[in-house]
Amino acid sequence: MRRLIAIALAGGVVWFVPQSAPRPNVLLVTIDTLRADRVGAWGYAGAHTPVLDRLAAGGARFADATAHAPLTYPAHTSILTGRYPAAIGVRLNGMDPLPPAVVTLAERFKAAGYRTGAVVASVILGRAAGLDQGFDDYDDDVPVDARATVALADLQRPATAVTDAALRWLGRQESAPWMLWVHYYDPHLPYAAPAKYRALAPNRPYDAEVAYVDAELGRLLAKVDLARTSLVVTADHGEALGDHGEPDHGFFIYDATLHVPLIVAGAGSQRRLVRDQVRSVDIAPTIAALAGLPAAQPADGESLVPLIEGKARAEAAPSLAESLYPHLHFGWAELRSVRVGEFKYIAAPEPELYDLRTDPSEKTNVIGARPGVAGRLSDALATIVKGFGPQSEAPRPQPDAATVQRLQALGYVGSLAPAPAGSGDDPKRHIADYVAYRERFNRALSLLGTGNAAEAAAVLKQLLRANVRSFEAHLYLGNAYAAMGNAEPALGEYDAASQLNPELATPHFEACKVLSGLARFPDSIARCRKGLALEPDSSYGLYTLGVVYTRAGQWKEAAAAFTRAVTLAPSEPRAHAGLAQASLRLDDLATAATHFAAMIDLKYQVPVAQFNFPAQWDPKLGIHVT
Ligand SMILES: [Zn+2]
């Protein structure tokens, strides 16, 4: 990117010399779960989205942008890498961390001399997922207060805290150009916007969350110079809001959860309405092109800059989508779709074809009337998927004898094997079962969160009788047993969860807590370390390990674990409390003072019990050992 600079020389001669233009800053904003047709600029009359609408009116608005998976982590992977989830073996939230060999947008910007930062609002995008690759600063400081009783996907920090963190990061940037990714999570369930926004959209809690994020985006952009910054705003996926019987997202691959807003504004963009179908995999190549970086290889998407400049695409680019959730959680069939131009084909035991030009809500399956189109798209889908090559399934670790025994005692042996690919009922025949499952699961979590562990356990056991493969149900049944003091069944449920999802660290951390409660400290520490091997930067895991060392009286090790935990999650007061206490024991009064001060700054009230650990009163220190 070069421009001509006029230099006035003595004698009045003016020379024009090429000069490198300053590279633009880059701001990528992803608004989780934002369905395109709930934004004013996309035609929604009930919207309170003035900031998005203004950006859409002044920049390039892509009327027809589509995501590749209806789940936060795989969908964000496409945005940040330009690759389809299937191409790099990414399937579900909490599974398959991003392979280190995959090059992220942040890695490319860092290599080009940019300062790179990210602020994410959900545990799902915590560093364990691997999307921190290439970021100088990756702020995933999500409070984990109720982690044992709240679904992982529901652990979040609100938009206000996200904007504050992003503004703090921007305030620290000096000369180098920067690239910042900001992730807002609020439109995701649970819908609980501040009262001011609930009043804007009475009885429409989802719209209220969208209004809240819109206002927070406005507060962020007030501090960003768009003349020097390329801005991309999009969503990872939409929200079904009851369409096709689906309450939220993650199950089906209809446009309710795949049609997302996409706006490119600021430096390098221009006012344009683009009606062609574009894709999440096009976002990374577009951002790279806006900053003058060469196109990456391999890539599944392509730069949208020509479309922004008004050039037409030679041919419609196909877009792939998939939902493996019904298969991996319930053993039903995988769903995959391909969209080219106006037609979308969904491969399922009963395949579907929709003409989105006349039927954007995908109500009428026209596969009987258009077998030729369906056949062509089916072939195109098979060709694309074949091009990804076989995605190697990591071999599952075999359980040891003690684990097998615990699983046998719970009646699980043999039933936890993964469902073979290409098998299972059509998920659309099971949407009612899925909805019932979700309702029961949420009821169980709510019972667990309100101290009714035995009732929660009964509901979760019922769920597992119908669907033994749900690793989440095993995990929370483990937590229910732990809360009831039933250590052995709790450990068995954690083993079952790990068996089903070997990449998940949480069952190990929860098992560590149970073993610590039994005063089996070496086993407990080993189990925590097993979790930390999977998720080395888990502030939750490090905090848990610190607590176990505290209970074992190993103060030096406790201080080391808490020190890493507070570095990773500075807003987590309990880690400060643990470190303050360990420092006192080690006669390191300066460190203790620093972290007592942090506790006061965070307005921390030391509770009687934390994180399911039995509390102990330490008369010498006058504080609770947790
Ligand atoms: Zn999401």
# chains A, B, ... in the order shown; residues from 1 in each chain; ligands from 1
>>> closest_atom_pairs(of="chain A", to="ligand 1", cutoff="12 Å", atoms="only C-alpha atoms and all ligand atoms", output="tab-separated table")
residue	atom	partner	partner_atom_place_in_ligand_line	distance
A:Thr30	CA	ligand 1	1 (Zn)	9.1
A:Ile31	CA	ligand 1	1 (Zn)	8.1
A:Asp32	CA	ligand 1	1 (Zn)	4.5
A:Thr33	CA	ligand 1	1 (Zn)	5.0
A:Leu34	CA	ligand 1	1 (Zn)	8.4
A:Arg35	CA	ligand 1	1 (Zn)	10.6
A:Ala67	CA	ligand 1	1 (Zn)	10.7
A:His68	CA	ligand 1	1 (Zn)	11.8
A:Ala69	CA	ligand 1	1 (Zn)	9.4
A:Pro70	CA	ligand 1	1 (Zn)	7.2
A:Leu71	CA	ligand 1	1 (Zn)	5.2
A:Thr72	CA	ligand 1	1 (Zn)	3.2
A:Tyr73	CA	ligand 1	1 (Zn)	6.9
A:Pro74	CA	ligand 1	1 (Zn)	8.9
A:Ala75	CA	ligand 1	1 (Zn)	7.3
A:His76	CA	ligand 1	1 (Zn)	7.8
A:Thr77	CA	ligand 1	1 (Zn)	11.0
A:Ile79	CA	ligand 1	1 (Zn)	11.9
A:Leu92	CA	ligand 1	1 (Zn)	11.3
A:Asn93	CA	ligand 1	1 (Zn)	9.4
A:Val120	CA	ligand 1	1 (Zn)	11.4
A:Ala121	CA	ligand 1	1 (Zn)	10.5
A:Ser122	CA	ligand 1	1 (Zn)	8.9
A:Val123	CA	ligand 1	1 (Zn)	11.1
A:Ile124	CA	ligand 1	1 (Zn)	8.6
A:Leu125	CA	ligand 1	1 (Zn)	9.3
A:Ala153	CA	ligand 1	1 (Zn)	8.8
A:Asp154	CA	ligand 1	1 (Zn)	10.7
A:Gln156	CA	ligand 1	1 (Zn)	11.5
A:His183	CA	ligand 1	1 (Zn)	9.7
A:Tyr184	CA	ligand 1	1 (Zn)	9.4
A:Tyr185	CA	ligand 1	1 (Zn)	7.3
A:Asp186	CA	ligand 1	1 (Zn)	9.8
A:Pro187	CA	ligand 1	1 (Zn)	8.9
A:His188	CA	ligand 1	1 (Zn)	6.9
A:Leu189	CA	ligand 1	1 (Zn)	9.8
A:Thr234	CA	ligand 1	1 (Zn)	11.3
A:Ala235	CA	ligand 1	1 (Zn)	7.8
A:Asp236	CA	ligand 1	1 (Zn)	5.4
A:His237	CA	ligand 1	1 (Zn)	5.9
A:Gly238	CA	ligand 1	1 (Zn)	7.8
A:Glu239	CA	ligand 1	1 (Zn)	9.0
A:Asp248	CA	ligand 1	1 (Zn)	10.3
A:His249	CA	ligand 1	1 (Zn)	8.3
A:Gly250	CA	ligand 1	1 (Zn)	8.8
A:Thr257	CA	ligand 1	1 (Zn)	9.8
A:Leu258	CA	ligand 1	1 (Zn)	10.8
A:Val260	CA	ligand 1	1 (Zn)	11.2
>>> write_last_selection(atoms="N, CA and C atoms", output="CSV table (one decimal), in the first residue's frame")
chain,number,residue,atom,x,y,z
A,30,THR,N,-16.5,-9.7,17.3
A,30,THR,CA,-17.5,-10.8,17.1
A,30,THR,C,-18.5,-10.7,18.2
A,31,ILE,N,-19.8,-10.7,17.8
A,31,ILE,CA,-20.9,-10.6,18.7
A,31,ILE,C,-21.5,-12.0,18.7
A,32,ASP,N,-21.4,-12.7,19.8
A,32,ASP,CA,-21.8,-14.1,19.8
A,32,ASP,C,-23.3,-14.2,19.7
A,33,THR,N,-23.8,-15.2,18.9
A,33,THR,CA,-25.2,-15.5,18.8
A,33,THR,C,-26.1,-14.4,18.3
A,34,LEU,N,-25.5,-13.6,17.4
A,34,LEU,CA,-26.3,-12.5,16.9
A,34,LEU,C,-26.8,-12.9,15.5
A,35,ARG,N,-28.1,-13.1,15.5
A,35,ARG,CA,-28.8,-13.5,14.3
A,35,ARG,C,-29.0,-12.3,13.4
A,67,ALA,N,-22.2,-18.5,8.3
A,67,ALA,CA,-21.2,-19.2,9.2
A,67,ALA,C,-21.2,-20.7,8.8
A,68,HIS,N,-20.2,-21.4,9.4
A,68,HIS,CA,-20.0,-22.8,9.0
A,68,HIS,C,-20.3,-23.8,10.1
A,69,ALA,N,-20.6,-23.3,11.2
A,69,ALA,CA,-21.0,-24.2,12.3
A,69,ALA,C,-21.8,-23.3,13.3
A,70,PRO,N,-22.8,-23.9,13.9
A,70,PRO,CA,-23.7,-23.1,14.8
A,70,PRO,C,-23.1,-23.1,16.3
A,71,LEU,N,-21.9,-23.3,16.5
A,71,LEU,CA,-21.3,-23.4,17.8
A,71,LEU,C,-20.1,-22.4,17.9
A,72,THR,N,-19.9,-21.8,19.1
A,72,THR,CA,-19.0,-20.7,19.3
A,72,THR,C,-17.6,-21.0,18.9
A,73,TYR,N,-17.1,-22.1,19.4
A,73,TYR,CA,-15.6,-22.4,19.1
A,73,TYR,C,-15.3,-22.7,17.7
A,74,PRO,N,-16.0,-23.7,17.1
A,74,PRO,CA,-15.7,-24.0,15.7
A,74,PRO,C,-16.0,-22.8,14.8
A,75,ALA,N,-17.1,-22.0,15.1
A,75,ALA,CA,-17.4,-20.9,14.2
A,75,ALA,C,-16.3,-19.8,14.3
A,76,HIS,N,-15.9,-19.6,15.5
A,76,HIS,CA,-14.8,-18.6,15.7
A,76,HIS,C,-13.5,-19.0,15.0
A,77,THR,N,-13.3,-20.3,15.1
A,77,THR,CA,-12.1,-20.9,14.4
A,77,THR,C,-12.0,-20.5,12.9
A,79,ILE,N,-13.5,-17.9,11.6
A,79,ILE,CA,-13.3,-16.4,11.5
A,79,ILE,C,-11.8,-16.1,11.6
A,92,LEU,N,-16.3,-29.6,18.2
A,92,LEU,CA,-17.3,-29.1,19.2
A,92,LEU,C,-16.6,-28.1,20.2
A,93,ASN,N,-17.4,-27.3,20.9
A,93,ASN,CA,-17.0,-26.6,22.0
A,93,ASN,C,-16.3,-27.6,23.0
A,120,VAL,N,-11.8,-11.9,25.3
A,120,VAL,CA,-13.0,-12.8,25.0
A,120,VAL,C,-13.8,-12.9,26.3
A,121,ALA,N,-15.1,-13.2,26.0
A,121,ALA,CA,-16.1,-13.1,27.1
A,121,ALA,C,-16.6,-14.5,27.6
A,122,SER,N,-16.2,-15.6,27.0
A,122,SER,CA,-16.7,-16.9,27.3
A,122,SER,C,-15.6,-17.9,27.6
A,123,VAL,N,-15.9,-18.7,28.6
A,123,VAL,CA,-14.9,-19.8,28.9
A,123,VAL,C,-14.7,-20.7,27.6
A,124,ILE,N,-15.7,-20.8,26.8
A,124,ILE,CA,-15.6,-21.6,25.6
A,124,ILE,C,-14.4,-21.1,24.7
A,125,LEU,N,-14.1,-19.8,24.7
A,125,LEU,CA,-13.0,-19.3,24.0
A,125,LEU,C,-11.7,-19.1,24.8
A,153,ALA,N,-20.8,-23.3,28.9
A,153,ALA,CA,-21.2,-22.3,27.9
A,153,ALA,C,-21.9,-21.1,28.5
A,154,ASP,N,-22.3,-21.2,29.7
A,154,ASP,CA,-23.0,-20.1,30.3
A,154,ASP,C,-22.1,-19.2,31.1
A,156,GLN,N,-19.6,-16.4,31.6
A,156,GLN,CA,-19.3,-15.3,30.7
A,156,GLN,C,-19.0,-14.1,31.5
A,183,HIS,N,-14.6,-9.9,21.7
A,183,HIS,CA,-15.7,-10.9,21.7
A,183,HIS,C,-16.7,-10.5,22.7
A,184,TYR,N,-18.0,-10.2,22.3
A,184,TYR,CA,-19.1,-10.0,23.2
A,184,TYR,C,-20.0,-11.3,23.2
A,185,TYR,N,-20.5,-11.6,24.4
A,185,TYR,CA,-21.2,-12.9,24.5
A,185,TYR,C,-22.6,-12.8,24.9
A,186,ASP,N,-23.0,-11.6,25.2
A,186,ASP,CA,-24.3,-11.4,25.9
A,186,ASP,C,-25.6,-12.0,25.2
A,187,PRO,N,-25.7,-11.9,23.8
A,187,PRO,CA,-26.9,-12.5,23.2
A,187,PRO,C,-27.0,-14.0,23.4
A,188,HIS,N,-26.0,-14.6,23.9
A,188,HIS,CA,-26.1,-16.1,24.2
A,188,HIS,C,-26.9,-16.2,25.4
A,189,LEU,N,-27.6,-17.4,25.6
A,189,LEU,CA,-28.3,-17.7,26.8
A,189,LEU,C,-27.3,-17.7,28.0
A,234,THR,N,-18.9,-8.9,13.1
A,234,THR,CA,-19.7,-10.0,12.6
A,234,THR,C,-20.2,-10.8,13.8
A,235,ALA,N,-20.9,-12.0,13.6
A,235,ALA,CA,-21.3,-12.9,14.6
A,235,ALA,C,-20.7,-14.2,14.3
A,236,ASP,N,-20.5,-15.1,15.3
A,236,ASP,CA,-20.1,-16.4,15.1
A,236,ASP,C,-21.2,-17.3,14.5
A,237,HIS,N,-22.4,-17.1,15.0
A,237,HIS,CA,-23.6,-17.8,14.5
A,237,HIS,C,-24.8,-17.1,15.0
A,238,GLY,N,-26.0,-17.5,14.6
A,238,GLY,CA,-27.2,-16.9,15.0
A,238,GLY,C,-27.9,-17.6,16.2
A,239,GLU,N,-29.2,-17.4,16.3
A,239,GLU,CA,-29.9,-18.0,17.4
A,239,GLU,C,-31.3,-18.4,16.8
A,248,ASP,N,-32.3,-22.6,20.8
A,248,ASP,CA,-31.1,-21.8,20.8
A,248,ASP,C,-30.2,-22.0,19.5
A,249,HIS,N,-29.1,-22.7,19.7
A,249,HIS,CA,-28.3,-23.0,18.5
A,249,HIS,C,-27.4,-24.2,18.8
A,250,GLY,N,-26.9,-24.7,17.8
A,250,GLY,CA,-25.9,-25.8,18.0
A,250,GLY,C,-26.4,-27.2,17.4
A,257,THR,N,-29.6,-20.0,12.4
A,257,THR,CA,-28.3,-20.1,13.2
A,257,THR,C,-27.1,-19.9,12.4
A,258,LEU,N,-27.2,-19.8,11.0
A,258,LEU,CA,-26.0,-19.6,10.2
A,258,LEU,C,-25.9,-18.3,9.5
A,260,VAL,N,-25.5,-14.6,9.5
A,260,VAL,CA,-24.9,-13.7,10.4
A,260,VAL,C,-24.7,-12.3,9.8
>>> closest_atom_pairs(of="range 164-279 of chain A", to="range 315-326 of chain A", cutoff="10 Å", atoms="only C-alpha atoms", output="JSON lines")
{"residue": "A:Gly250", "atom": "CA", "partner": "A:Tyr325", "partner_atom": "CA", "distance": 6.6}
{"residue": "A:Phe251", "atom": "CA", "partner": "A:Tyr325", "partner_atom": "CA", "distance": 6.1}
{"residue": "A:Phe252", "atom": "CA", "partner": "A:Ser323", "partner_atom": "CA", "distance": 6.5}
{"residue": "A:Ile253", "atom": "CA", "partner": "A:Ser323", "partner_atom": "CA", "distance": 6.4}
{"residue": "A:Tyr254", "atom": "CA", "partner": "A:Ala321", "partner_atom": "CA", "distance": 9.5}
{"residue": "A:Leu258", "atom": "CA", "partner": "A:Ala321", "partner_atom": "CA", "distance": 8.2}
{"residue": "A:Asp276", "atom": "CA", "partner": "A:Ala316", "partner_atom": "CA", "distance": 7.5}
{"residue": "A:Gln277", "atom": "CA", "partner": "A:Ala316", "partner_atom": "CA", "distance": 7.3}
{"residue": "A:Val278", "atom": "CA", "partner": "A:Ala317", "partner_atom": "CA", "distance": 7.5}
{"residue": "A:Arg279", "atom": "CA", "partner": "A:Ser319", "partner_atom": "CA", "distance": 6.6}
>>> residues_around(residues="His576 in chain A", least_positions_apart="4", cutoff="7 Å", atoms="only C-alpha atoms", output="PyMOL selection string")
chain A and resi 566+580+595+598-599
>>> write_last_selection(atoms="N, CA and C atoms", output="compact mmCIF listing (two decimals), in the first residue's frame")
# COMPACT_ATOMS: atom_id res chain seq x y z
N VAL A 566 -3.22 -15.95 39.51
CA VAL A 566 -3.55 -14.51 39.54
C VAL A 566 -3.02 -13.79 38.30
N ALA A 580 -2.07 -14.61 49.14
CA ALA A 580 -1.78 -13.80 50.32
C ALA A 580 -1.50 -14.71 51.51
N HIS A 595 -1.37 -8.82 47.75
CA HIS A 595 -2.56 -9.58 47.37
C HIS A 595 -3.72 -9.37 48.34
N ALA A 598 -5.17 -6.42 46.75
CA ALA A 598 -5.98 -6.79 45.57
C ALA A 598 -7.34 -7.30 45.99
N MET A 599 -7.38 -8.08 47.09
CA MET A 599 -8.67 -8.60 47.58
C MET A 599 -9.59 -7.44 47.97
>>> residues_around(residues="range 46-62 of chain A", least_positions_apart="4", cutoff="7 Å", atoms="only C-alpha atoms", output="number ranges by chain")
A: 38-41, 207, 211, 214-215, 218, 262-265, 269-275, 308
>>> write_last_selection(atoms="N, CA and C atoms", output="compact mmCIF listing (two decimals), in the first residue's frame")
# COMPACT_ATOMS: atom_id res chain seq x y z
N ARG A 38 -32.12 -9.91 13.31
CA ARG A 38 -32.47 -9.17 14.53
C ARG A 38 -31.69 -7.86 14.64
N VAL A 39 -31.06 -7.46 13.54
CA VAL A 39 -30.33 -6.19 13.50
C VAL A 39 -31.13 -5.23 12.62
N GLY A 40 -31.22 -3.96 13.05
CA GLY A 40 -32.01 -2.97 12.30
C GLY A 40 -31.62 -2.90 10.83
N ALA A 41 -30.32 -2.85 10.55
CA ALA A 41 -29.86 -2.72 9.16
C ALA A 41 -30.24 -3.92 8.32
N ASP A 207 -33.59 -9.55 22.31
CA ASP A 207 -33.37 -8.24 21.68
C ASP A 207 -32.72 -7.27 22.67
N ALA A 211 -29.37 -5.09 22.14
CA ALA A 211 -29.32 -3.64 22.35
C ALA A 211 -28.17 -3.27 23.30
N ASP A 214 -24.89 -3.58 21.48
CA ASP A 214 -24.79 -2.47 20.52
C ASP A 214 -24.30 -1.21 21.23
N ALA A 215 -24.87 -0.92 22.39
CA ALA A 215 -24.47 0.28 23.13
C ALA A 215 -23.02 0.17 23.59
N GLY A 218 -20.72 0.82 20.83
CA GLY A 218 -20.63 2.26 20.63
C GLY A 218 -19.62 2.89 21.59
N LEU A 262 -22.54 -9.08 8.80
CA LEU A 262 -21.12 -8.81 8.52
C LEU A 262 -21.01 -7.38 7.99
N ILE A 263 -20.18 -6.59 8.66
CA ILE A 263 -19.95 -5.20 8.27
C ILE A 263 -18.44 -4.98 8.21
N VAL A 264 -17.98 -4.35 7.12
CA VAL A 264 -16.58 -3.93 7.05
C VAL A 264 -16.59 -2.42 6.91
N ALA A 265 -15.98 -1.72 7.86
CA ALA A 265 -16.03 -0.25 7.86
C ALA A 265 -14.65 0.30 8.20
N SER A 269 -12.26 0.48 3.68
CA SER A 269 -13.58 0.05 3.24
C SER A 269 -14.31 1.21 2.57
N GLN A 270 -15.47 0.96 2.10
CA GLN A 270 -16.31 2.02 1.53
C GLN A 270 -17.76 1.62 1.64
N ARG A 271 -18.61 2.59 1.35
CA ARG A 271 -20.03 2.33 1.45
C ARG A 271 -20.46 1.39 0.35
N ARG A 272 -21.07 0.28 0.70
CA ARG A 272 -21.46 -0.68 -0.34
C ARG A 272 -22.45 -1.67 0.27
N LEU A 273 -23.46 -2.02 -0.48
CA LEU A 273 -24.34 -3.12 -0.08
C LEU A 273 -24.00 -4.31 -0.97
N VAL A 274 -23.53 -5.40 -0.38
CA VAL A 274 -23.14 -6.58 -1.15
C VAL A 274 -24.21 -7.65 -0.91
N ARG A 275 -24.81 -8.12 -2.00
CA ARG A 275 -25.87 -9.12 -1.86
C ARG A 275 -25.38 -10.55 -2.10
N ILE A 308 -16.12 -5.26 -1.99
CA ILE A 308 -16.27 -3.95 -1.35
C ILE A 308 -16.03 -2.84 -2.38
>>> closest_residue(among="A:Asn486, A:Gln173, A:Thr383, A:Ser303", to="Ala454 in chain A", atoms="only C-alpha atoms")
A:Asn486
>>> closest_residue(among="A:Asp523, A:Asp64, A:Asp37, A:Glu488", to="Arg339 in chain A", atoms="only C-alpha atoms")
A:Asp64
>>> residues_around(residues="range 98-108 of chain A", least_positions_apart="3", cutoff="10 Å", atoms="only C-alpha atoms", output="ChimeraX atom specification")
/A:73-74,77-83,85,88-90,95,111-118,128-136,179-181,283-285,287-288,293-294,296-298
>>> atom_distance(atom1="CA of Ala597 in chain A", atom2="CA of Leu584 in chain A")
13.6 Å
>>> residues_around(residues="range 363-371 of chain A", least_positions_apart="3", cutoff="9 Å", atoms="only C-alpha atoms", output="number ranges by chain")
A: 244, 345, 351-355, 359-360, 374-376
>>> closest_residue(among="A:Glu557, A:Glu455, A:Asp137, A:Glu510", to="Asn479 in chain A", atoms="only C-alpha atoms")
A:Glu510
